[in-house]
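Report on the following structure.
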Amino acid sequence: MPKERQHFILNAEAHLRKQGILIPGIQRTKNSKRYIIWKDNLFVLHQWLSWPKIAYNSPGKLEQVGALLGQFHKSSLGFTSKHGELYNGAKKWSEEYKTDLAALEKWEQRHADKQKPHFSTIVEYLPYFRQAGQTARKQLNTSAYFAKWKKAPLSKHFLCHGDFNNGNLLVRNKRIAIIDWEDVRYDFPSKDISRVLSLAMRKEGAWNKQLFAYLLRGYLRENPLSAEQLHLLFVDLAFPHIMERFLRMKQYEQMDAAHIQQFCTRESLKTAYMLDELKALA
């Protein structure tokens, strides 16, 4: 990766360690540098932790993960980097919403006349996801907070991990270390929360609003969000990002018709819940 990217990652890690977030340390070189360059590639040596990964096997564990995520996001405020604008997620939201909706429509048009169960189930659900996405996009474009957040100094933006899954959360004696920071960037809490929720739903096999309640309760206990921030959170969670990725990555090719049905059902129920939360906040 470019040196600018590596510096951003290492500086973000250093900032979070100072704030008490448990991230394995790095081994400096003999010249006290944080990385070496070999054959035009950058290498960083991190401390190895042979700890087991945390399990999403109970509401209590999910609340614990939510609390850790809230601690991390809150601790990330104030971080600045001279390369920060290169990794500012807020700049991409409007275009991402537009292109993702177009991608859903294009996929539906391309597969509408195919009779295979793999495709027919997805096509059946796509009008709903497109409608939900249009609703979320309208809410985004009319959000005064979103407009204000985009223009705010990066020191007031949260850092997001980008791959906050249980494989990157190592636990021992109630201490949880966070590893694999190569996707870290400035962005909004919904990006990491969506990742946790998606994996929890996959393990559960269904949408479970109680599990989400535990996750959000743990999160808000450590990082309280204003009503405006909660509104933007639910806007982004209502938008069919996961469905677009499911189609783009062709994940359905590895699934039978029953599992595709299960996936579409739980995503639609989750989306409906988030849209209801948006109405309640209106």
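Following the order of the structure tokens, first chain is A, next is B, and so on, with residues numbered from 1 inside each chain and ligands from 1 in the order they appear.
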Could you name the residues that touch stretch 69-79 of chain A at 10 Å or less, counting only C-alpha atoms, but leaving out those on the same chain fewer than 6 positions away, as a ChimeraX atom specification? /A:11-22,63,153-161,164,178,186-189,192-193,196,215-225
Keeping only N, CA and C atoms, write the selected residues as a compact mmCIF listing (two decimals), in the first residue's frame.
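Printed below is selection03.txt as written:
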# COMPACT_ATOMS: atom_id res chain seq x y z
N ASN A 11 -0.76 5.73 12.57
CA ASN A 11 -1.08 6.87 13.43
C ASN A 11 -2.45 6.71 14.08
N ALA A 12 -3.39 6.12 13.34
CA ALA A 12 -4.71 5.86 13.92
C ALA A 12 -4.58 4.85 15.06
N GLU A 13 -3.82 3.79 14.85
CA GLU A 13 -3.60 2.80 15.91
C GLU A 13 -2.96 3.45 17.13
N ALA A 14 -1.95 4.28 16.91
CA ALA A 14 -1.25 4.92 18.03
C ALA A 14 -2.19 5.82 18.82
N HIS A 15 -3.04 6.57 18.12
CA HIS A 15 -4.01 7.44 18.79
C HIS A 15 -4.94 6.60 19.66
N LEU A 16 -5.44 5.51 19.14
CA LEU A 16 -6.40 4.68 19.86
C LEU A 16 -5.75 3.99 21.06
N ARG A 17 -4.50 3.56 20.91
CA ARG A 17 -3.80 2.95 22.05
C ARG A 17 -3.69 3.95 23.21
N LYS A 18 -3.37 5.20 22.87
CA LYS A 18 -3.25 6.23 23.91
C LYS A 18 -4.57 6.46 24.62
N GLN A 19 -5.68 6.19 23.93
CA GLN A 19 -7.01 6.36 24.51
C GLN A 19 -7.48 5.11 25.25
N GLY A 20 -6.65 4.09 25.31
CA GLY A 20 -6.99 2.90 26.09
C GLY A 20 -7.58 1.75 25.29
N ILE A 21 -7.63 1.86 23.96
CA ILE A 21 -8.12 0.75 23.14
C ILE A 21 -6.99 -0.27 22.99
N LEU A 22 -7.29 -1.53 23.25
CA LEU A 22 -6.27 -2.58 23.23
C LEU A 22 -6.00 -3.02 21.79
N GLU A 63 -23.89 -7.48 23.36
CA GLU A 63 -23.88 -6.20 24.09
C GLU A 63 -22.44 -5.81 24.43
N PRO A 153 -14.75 19.38 10.55
CA PRO A 153 -13.33 18.99 10.55
C PRO A 153 -13.20 17.49 10.84
N LEU A 154 -12.20 16.86 10.27
CA LEU A 154 -12.06 15.41 10.43
C LEU A 154 -11.83 15.02 11.89
N SER A 155 -11.34 15.93 12.69
CA SER A 155 -11.16 15.64 14.12
C SER A 155 -12.49 15.37 14.81
N LYS A 156 -13.60 15.79 14.17
CA LYS A 156 -14.93 15.55 14.73
C LYS A 156 -15.61 14.35 14.08
N HIS A 157 -14.91 13.66 13.18
CA HIS A 157 -15.42 12.44 12.56
C HIS A 157 -14.91 11.23 13.34
N PHE A 158 -15.74 10.20 13.39
CA PHE A 158 -15.31 8.94 14.00
C PHE A 158 -14.40 8.18 13.04
N LEU A 159 -13.52 7.39 13.63
CA LEU A 159 -12.82 6.38 12.83
C LEU A 159 -13.66 5.12 12.83
N CYS A 160 -13.71 4.44 11.70
CA CYS A 160 -14.35 3.13 11.61
C CYS A 160 -13.30 2.08 11.25
N HIS A 161 -13.46 0.90 11.81
CA HIS A 161 -12.50 -0.18 11.60
C HIS A 161 -12.57 -0.71 10.18
N PHE A 164 -15.00 -4.96 11.30
CA PHE A 164 -15.19 -5.24 12.72
C PHE A 164 -15.98 -6.54 12.89
N ILE A 178 -8.34 -5.61 19.48
CA ILE A 178 -8.83 -5.42 18.11
C ILE A 178 -7.63 -5.48 17.17
N TYR A 186 -11.99 7.37 8.27
CA TYR A 186 -13.02 8.22 8.87
C TYR A 186 -14.37 7.82 8.27
N ASP A 187 -15.36 7.61 9.13
CA ASP A 187 -16.69 7.29 8.63
C ASP A 187 -17.67 7.35 9.79
N PHE A 188 -18.88 6.85 9.58
CA PHE A 188 -19.93 6.95 10.59
C PHE A 188 -20.13 5.60 11.28
N PRO A 189 -20.55 5.59 12.56
CA PRO A 189 -20.69 4.33 13.32
C PRO A 189 -21.52 3.26 12.63
N ASP A 192 -19.57 0.18 10.95
CA ASP A 192 -19.11 -0.92 11.79
C ASP A 192 -20.28 -1.67 12.42
N ILE A 193 -21.30 -0.94 12.84
CA ILE A 193 -22.47 -1.59 13.44
C ILE A 193 -23.13 -2.53 12.43
N VAL A 196 -21.19 -5.84 12.27
CA VAL A 196 -21.46 -6.71 13.43
C VAL A 196 -22.84 -7.34 13.30
N LEU A 215 -27.08 -5.10 21.12
CA LEU A 215 -25.92 -4.50 20.46
C LEU A 215 -25.96 -2.98 20.59
N LEU A 216 -27.10 -2.39 20.29
CA LEU A 216 -27.22 -0.93 20.33
C LEU A 216 -27.16 -0.41 21.76
N ARG A 217 -27.73 -1.15 22.71
CA ARG A 217 -27.68 -0.72 24.11
C ARG A 217 -26.24 -0.64 24.61
N GLY A 218 -25.46 -1.68 24.31
CA GLY A 218 -24.05 -1.66 24.70
C GLY A 218 -23.32 -0.51 24.05
N TYR A 219 -23.61 -0.28 22.77
CA TYR A 219 -22.93 0.79 22.03
C TYR A 219 -23.25 2.16 22.62
N LEU A 220 -24.53 2.44 22.80
CA LEU A 220 -24.94 3.78 23.26
C LEU A 220 -24.54 4.05 24.70
N ARG A 221 -24.36 3.00 25.47
CA ARG A 221 -23.88 3.19 26.84
C ARG A 221 -22.48 3.80 26.83
N GLU A 222 -21.65 3.42 25.86
CA GLU A 222 -20.28 3.92 25.80
C GLU A 222 -20.12 5.12 24.88
N ASN A 223 -20.98 5.21 23.88
CA ASN A 223 -20.89 6.33 22.93
C ASN A 223 -22.29 6.86 22.64
N PRO A 224 -22.86 7.63 23.56
CA PRO A 224 -24.21 8.16 23.34
C PRO A 224 -24.27 9.01 22.07
N LEU A 225 -25.30 8.79 21.27
CA LEU A 225 -25.48 9.55 20.04
C LEU A 225 -26.67 10.49 20.20
Determine which residues of stretch 103-253 of chain A DSSP labels as strand (DSSP E) from the backbone of this structure, then write them out as a PDB file with N, CA and C atoms, in the first residue's frame.
ATOM      1  N   PHE A 158     -15.736  10.201  13.391  1.00  0.00           N
ATOM      2  CA  PHE A 158     -15.311   8.944  14.004  1.00  0.00           C
ATOM      3  C   PHE A 158     -14.395   8.184  13.044  1.00  0.00           C
ATOM      4  N   LEU A 159     -13.517   7.385  13.625  1.00  0.00           N
ATOM      5  CA  LEU A 159     -12.822   6.380  12.833  1.00  0.00           C
ATOM      6  C   LEU A 159     -13.664   5.120  12.829  1.00  0.00           C
ATOM      7  N   CYS A 160     -13.706   4.436  11.698  1.00  0.00           N
ATOM      8  CA  CYS A 160     -14.346   3.128  11.610  1.00  0.00           C
ATOM      9  C   CYS A 160     -13.303   2.083  11.249  1.00  0.00           C
ATOM     10  N   LEU A 169     -11.581  -9.789  16.770  1.00  0.00           N
ATOM     11  CA  LEU A 169     -11.739  -9.438  18.182  1.00  0.00           C
ATOM     12  C   LEU A 169     -11.247 -10.618  19.014  1.00  0.00           C
ATOM     13  N   LEU A 170     -10.112 -10.442  19.664  1.00  0.00           N
ATOM     14  CA  LEU A 170      -9.495 -11.517  20.438  1.00  0.00           C
ATOM     15  C   LEU A 170      -9.691 -11.241  21.919  1.00  0.00           C
ATOM     16  N   VAL A 171     -10.096 -12.258  22.669  1.00  0.00           N
ATOM     17  CA  VAL A 171     -10.502 -12.038  24.054  1.00  0.00           C
ATOM     18  C   VAL A 171      -9.720 -12.928  25.020  1.00  0.00           C
ATOM     19  N   ARG A 172      -9.373 -12.348  26.167  1.00  0.00           N
ATOM     20  CA  ARG A 172      -8.785 -13.108  27.270  1.00  0.00           C
ATOM     21  C   ARG A 172      -9.057 -12.355  28.570  1.00  0.00           C
ATOM     22  N   ARG A 175     -10.708  -9.060  28.585  1.00  0.00           N
ATOM     23  CA  ARG A 175     -10.054  -8.024  27.789  1.00  0.00           C
ATOM     24  C   ARG A 175     -10.187  -8.397  26.320  1.00  0.00           C
ATOM     25  N   ILE A 176     -10.512  -7.426  25.482  1.00  0.00           N
ATOM     26  CA  ILE A 176     -10.703  -7.684  24.059  1.00  0.00           C
ATOM     27  C   ILE A 176      -9.725  -6.821  23.260  1.00  0.00           C
ATOM     28  N   ALA A 177      -8.921  -7.474  22.451  1.00  0.00           N
ATOM     29  CA  ALA A 177      -7.988  -6.778  21.568  1.00  0.00           C
ATOM     30  C   ALA A 177      -8.582  -6.717  20.165  1.00  0.00           C
ATOM     31  N   ILE A 178      -8.344  -5.611  19.480  1.00  0.00           N
ATOM     32  CA  ILE A 178      -8.830  -5.425  18.110  1.00  0.00           C
ATOM     33  C   ILE A 178      -7.631  -5.478  17.170  1.00  0.00           C
ATOM     34  N   ARG A 185     -10.703   3.989   8.476  1.00  0.00           N
ATOM     35  CA  ARG A 185     -10.942   5.243   7.769  1.00  0.00           C
ATOM     36  C   ARG A 185     -11.852   6.112   8.633  1.00  0.00           C
ATOM     37  N   TYR A 186     -11.991   7.371   8.270  1.00  0.00           N
ATOM     38  CA  TYR A 186     -13.021   8.216   8.867  1.00  0.00           C
ATOM     39  C   TYR A 186     -14.366   7.821   8.274  1.00  0.00           C
ATOM     40  N   ASP A 187     -15.357   7.612   9.128  1.00  0.00           N
ATOM     41  CA  ASP A 187     -16.695   7.289   8.631  1.00  0.00           C
ATOM     42  C   ASP A 187     -17.673   7.354   9.792  1.00  0.00           C
TER      43      ASP A 187
END
Identify all residues of stretch 9-109 of chain A in helix (DSSP H, G or I) (DSSP on the backbone) and supply them as a short mmCIF file (atom, residue, chain, number, x, y, z; two decimals) with N, CA and C atoms, in the first residue's frame.
data_model
loop_
_atom_site.label_atom_id
_atom_site.label_comp_id
_atom_site.auth_asym_id
_atom_site.auth_seq_id
_atom_site.Cartn_x
_atom_site.Cartn_y
_atom_site.Cartn_z
N ILE A 9 -2.76 4.48 8.92
CA ILE A 9 -3.14 3.33 9.75
C ILE A 9 -2.35 3.31 11.05
N LEU A 10 -1.04 3.46 10.96
CA LEU A 10 -0.19 3.39 12.15
C LEU A 10 -0.50 4.54 13.11
N ASN A 11 -0.76 5.73 12.57
CA ASN A 11 -1.08 6.87 13.43
C ASN A 11 -2.45 6.71 14.08
N ALA A 12 -3.39 6.12 13.34
CA ALA A 12 -4.71 5.86 13.92
C ALA A 12 -4.58 4.85 15.06
N GLU A 13 -3.82 3.79 14.85
CA GLU A 13 -3.60 2.80 15.91
C GLU A 13 -2.96 3.45 17.13
N ALA A 14 -1.95 4.28 16.91
CA ALA A 14 -1.25 4.92 18.03
C ALA A 14 -2.19 5.82 18.82
N HIS A 15 -3.04 6.57 18.12
CA HIS A 15 -4.01 7.44 18.79
C HIS A 15 -4.94 6.60 19.66
N LEU A 16 -5.44 5.51 19.14
CA LEU A 16 -6.40 4.68 19.86
C LEU A 16 -5.75 3.99 21.06
N ARG A 17 -4.50 3.56 20.91
CA ARG A 17 -3.80 2.95 22.05
C ARG A 17 -3.69 3.95 23.21
N LYS A 18 -3.37 5.20 22.87
CA LYS A 18 -3.25 6.23 23.91
C LYS A 18 -4.57 6.46 24.62
N PRO A 59 -26.91 -12.84 23.69
CA PRO A 59 -27.19 -11.40 23.73
C PRO A 59 -26.16 -10.64 24.55
N GLY A 60 -25.70 -11.25 25.65
CA GLY A 60 -24.71 -10.59 26.49
C GLY A 60 -23.40 -10.34 25.76
N LYS A 61 -22.98 -11.31 24.95
CA LYS A 61 -21.74 -11.14 24.17
C LYS A 61 -21.91 -10.03 23.14
N LEU A 62 -23.08 -9.97 22.53
CA LEU A 62 -23.32 -8.94 21.52
C LEU A 62 -23.36 -7.56 22.17
N GLU A 63 -23.89 -7.48 23.36
CA GLU A 63 -23.88 -6.20 24.09
C GLU A 63 -22.44 -5.81 24.43
N GLN A 64 -21.63 -6.80 24.79
CA GLN A 64 -20.22 -6.55 25.09
C GLN A 64 -19.48 -6.03 23.85
N VAL A 65 -19.76 -6.63 22.70
CA VAL A 65 -19.15 -6.18 21.46
C VAL A 65 -19.61 -4.76 21.13
N GLY A 66 -20.91 -4.49 21.32
CA GLY A 66 -21.42 -3.14 21.09
C GLY A 66 -20.73 -2.12 21.97
N ALA A 67 -20.51 -2.48 23.23
CA ALA A 67 -19.83 -1.57 24.16
C ALA A 67 -18.39 -1.30 23.71
N LEU A 68 -17.70 -2.34 23.27
CA LEU A 68 -16.33 -2.17 22.78
C LEU A 68 -16.30 -1.26 21.56
N LEU A 69 -17.25 -1.47 20.65
CA LEU A 69 -17.31 -0.64 19.46
C LEU A 69 -17.58 0.81 19.82
N GLY A 70 -18.49 1.03 20.79
CA GLY A 70 -18.77 2.38 21.25
C GLY A 70 -17.55 3.04 21.87
N GLN A 71 -16.80 2.28 22.67
CA GLN A 71 -15.57 2.81 23.27
C GLN A 71 -14.58 3.23 22.20
N PHE A 72 -14.41 2.36 21.21
CA PHE A 72 -13.47 2.64 20.13
C PHE A 72 -13.87 3.89 19.35
N HIS A 73 -15.14 3.98 18.95
CA HIS A 73 -15.58 5.14 18.17
C HIS A 73 -15.42 6.43 18.97
N LYS A 74 -15.82 6.40 20.22
CA LYS A 74 -15.71 7.60 21.05
C LYS A 74 -14.25 8.01 21.22
N SER A 75 -13.38 7.02 21.42
CA SER A 75 -11.96 7.29 21.62
C SER A 75 -11.29 7.82 20.36
N SER A 76 -11.90 7.54 19.22
CA SER A 76 -11.27 7.94 17.96
C SER A 76 -11.44 9.43 17.66
N GLY A 84 -5.66 12.63 5.95
CA GLY A 84 -7.02 12.25 6.31
C GLY A 84 -8.04 12.36 5.19
N GLU A 85 -7.94 13.41 4.37
CA GLU A 85 -8.95 13.60 3.31
C GLU A 85 -8.95 12.46 2.30
N LEU A 86 -7.84 11.74 2.22
CA LEU A 86 -7.79 10.59 1.31
C LEU A 86 -8.66 9.45 1.81
N TYR A 87 -8.97 9.45 3.11
CA TYR A 87 -9.67 8.33 3.72
C TYR A 87 -10.90 8.82 4.49
N GLY A 89 -14.67 8.81 4.52
CA GLY A 89 -15.82 8.09 3.98
C GLY A 89 -17.01 8.98 3.70
N ALA A 90 -17.17 10.07 4.44
CA ALA A 90 -18.34 10.94 4.28
C ALA A 90 -18.45 11.48 2.86
N LYS A 91 -17.34 11.67 2.19
CA LYS A 91 -17.33 12.24 0.85
C LYS A 91 -17.96 11.31 -0.17
N LYS A 92 -18.06 10.00 0.17
CA LYS A 92 -18.52 9.01 -0.80
C LYS A 92 -19.98 8.62 -0.65
N TRP A 93 -20.62 9.04 0.43
CA TRP A 93 -21.97 8.54 0.73
C TRP A 93 -22.97 8.85 -0.38
N SER A 94 -23.08 10.07 -0.79
CA SER A 94 -24.11 10.45 -1.77
C SER A 94 -23.97 9.67 -3.06
N GLU A 95 -22.75 9.58 -3.56
CA GLU A 95 -22.52 8.83 -4.80
C GLU A 95 -22.75 7.34 -4.60
N GLU A 96 -22.35 6.84 -3.43
CA GLU A 96 -22.54 5.41 -3.14
C GLU A 96 -24.03 5.05 -3.13
N TYR A 97 -24.85 5.88 -2.51
CA TYR A 97 -26.28 5.61 -2.49
C TYR A 97 -26.84 5.57 -3.91
N LYS A 98 -26.41 6.52 -4.72
CA LYS A 98 -26.90 6.60 -6.10
C LYS A 98 -26.47 5.37 -6.91
N THR A 99 -25.20 5.02 -6.85
CA THR A 99 -24.69 3.91 -7.67
C THR A 99 -25.21 2.56 -7.18
N ASP A 100 -25.39 2.41 -5.87
CA ASP A 100 -25.91 1.14 -5.34
C ASP A 100 -27.36 0.91 -5.78
N LEU A 101 -28.16 1.97 -5.75
CA LEU A 101 -29.54 1.84 -6.22
C LEU A 101 -29.58 1.49 -7.71
N ALA A 102 -28.72 2.13 -8.48
CA ALA A 102 -28.65 1.82 -9.91
C ALA A 102 -28.22 0.38 -10.14
N ALA A 103 -27.32 -0.12 -9.30
CA ALA A 103 -26.84 -1.50 -9.44
C ALA A 103 -27.96 -2.50 -9.15
N LEU A 104 -28.79 -2.20 -8.14
CA LEU A 104 -29.92 -3.08 -7.83
C LEU A 104 -30.91 -3.13 -9.01
N GLU A 105 -31.18 -1.97 -9.56
CA GLU A 105 -32.12 -1.92 -10.68
C GLU A 105 -31.57 -2.66 -11.90
N LYS A 106 -30.29 -2.47 -12.17
CA LYS A 106 -29.66 -3.12 -13.32
C LYS A 106 -29.66 -4.64 -13.15
N TRP A 107 -29.38 -5.11 -11.93
CA TRP A 107 -29.37 -6.56 -11.70
C TRP A 107 -30.78 -7.13 -11.89
N GLU A 108 -31.77 -6.42 -11.39
CA GLU A 108 -33.15 -6.88 -11.52
C GLU A 108 -33.56 -6.97 -12.99
N GLN A 109 -33.23 -5.97 -13.76
CA GLN A 109 -33.58 -5.97 -15.18
C GLN A 109 -32.90 -7.11 -15.92
#
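Counting only C-alpha atoms and comparing A:Gln229, A:Gln115, A:Gln210, A:Ser268, the residue that lies closest to A:Ser143 is A:Gln229.
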Compile the contact shell of A:Met201 as a PDB file with N, CA and C atoms, in the first residue's frame: residues with an atom at most 10 Å away, counting only C-alpha atoms, same-chain residues fewer than 6 positions apart removed.
ATOM      1  N   TYR A  56     -20.151 -14.645  18.979  1.00  0.00           N
ATOM      2  CA  TYR A  56     -21.451 -13.968  18.994  1.00  0.00           C
ATOM      3  C   TYR A  56     -22.524 -14.998  19.357  1.00  0.00           C
ATOM      4  N   TRP A 207     -33.531 -12.514  11.310  1.00  0.00           N
ATOM      5  CA  TRP A 207     -33.536 -11.202  11.938  1.00  0.00           C
ATOM      6  C   TRP A 207     -34.041 -11.345  13.360  1.00  0.00           C
ATOM      7  N   ASN A 208     -33.358 -10.699  14.294  1.00  0.00           N
ATOM      8  CA  ASN A 208     -33.733 -10.780  15.701  1.00  0.00           C
ATOM      9  C   ASN A 208     -33.579  -9.386  16.302  1.00  0.00           C
ATOM     10  N   LYS A 209     -34.692  -8.702  16.485  1.00  0.00           N
ATOM     11  CA  LYS A 209     -34.615  -7.321  16.965  1.00  0.00           C
ATOM     12  C   LYS A 209     -34.090  -7.236  18.394  1.00  0.00           C
ATOM     13  N   LEU A 211     -31.593  -9.059  19.600  1.00  0.00           N
ATOM     14  CA  LEU A 211     -30.131  -9.043  19.498  1.00  0.00           C
ATOM     15  C   LEU A 211     -29.632  -7.660  19.098  1.00  0.00           C
ATOM     16  N   PHE A 212     -30.334  -7.029  18.162  1.00  0.00           N
ATOM     17  CA  PHE A 212     -29.943  -5.675  17.766  1.00  0.00           C
ATOM     18  C   PHE A 212     -30.087  -4.712  18.935  1.00  0.00           C
ATOM     19  N   PHE A 263     -31.825 -15.536   3.517  1.00  0.00           N
ATOM     20  CA  PHE A 263     -31.058 -14.288   3.504  1.00  0.00           C
ATOM     21  C   PHE A 263     -31.957 -13.103   3.157  1.00  0.00           C
ATOM     22  N   ARG A 266     -34.502 -12.251   6.051  1.00  0.00           N
ATOM     23  CA  ARG A 266     -33.958 -11.571   7.235  1.00  0.00           C
ATOM     24  C   ARG A 266     -33.495 -10.156   6.899  1.00  0.00           C
ATOM     25  N   GLU A 267     -32.963  -9.938   5.690  1.00  0.00           N
ATOM     26  CA  GLU A 267     -32.554  -8.588   5.305  1.00  0.00           C
ATOM     27  C   GLU A 267     -33.758  -7.668   5.149  1.00  0.00           C
ATOM     28  N   LYS A 270     -35.026  -6.788   8.639  1.00  0.00           N
ATOM     29  CA  LYS A 270     -34.120  -5.806   9.243  1.00  0.00           C
ATOM     30  C   LYS A 270     -34.382  -4.423   8.655  1.00  0.00           C
TER      31      LYS A 270
END
Which residue, A:His46, A:Asn88, A:Ser58, A:Lys138, has the smallest gap to A:Lys151 when you use only C-alpha atoms?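 Closest residue, counting only C-alpha atoms: A:Asn88.
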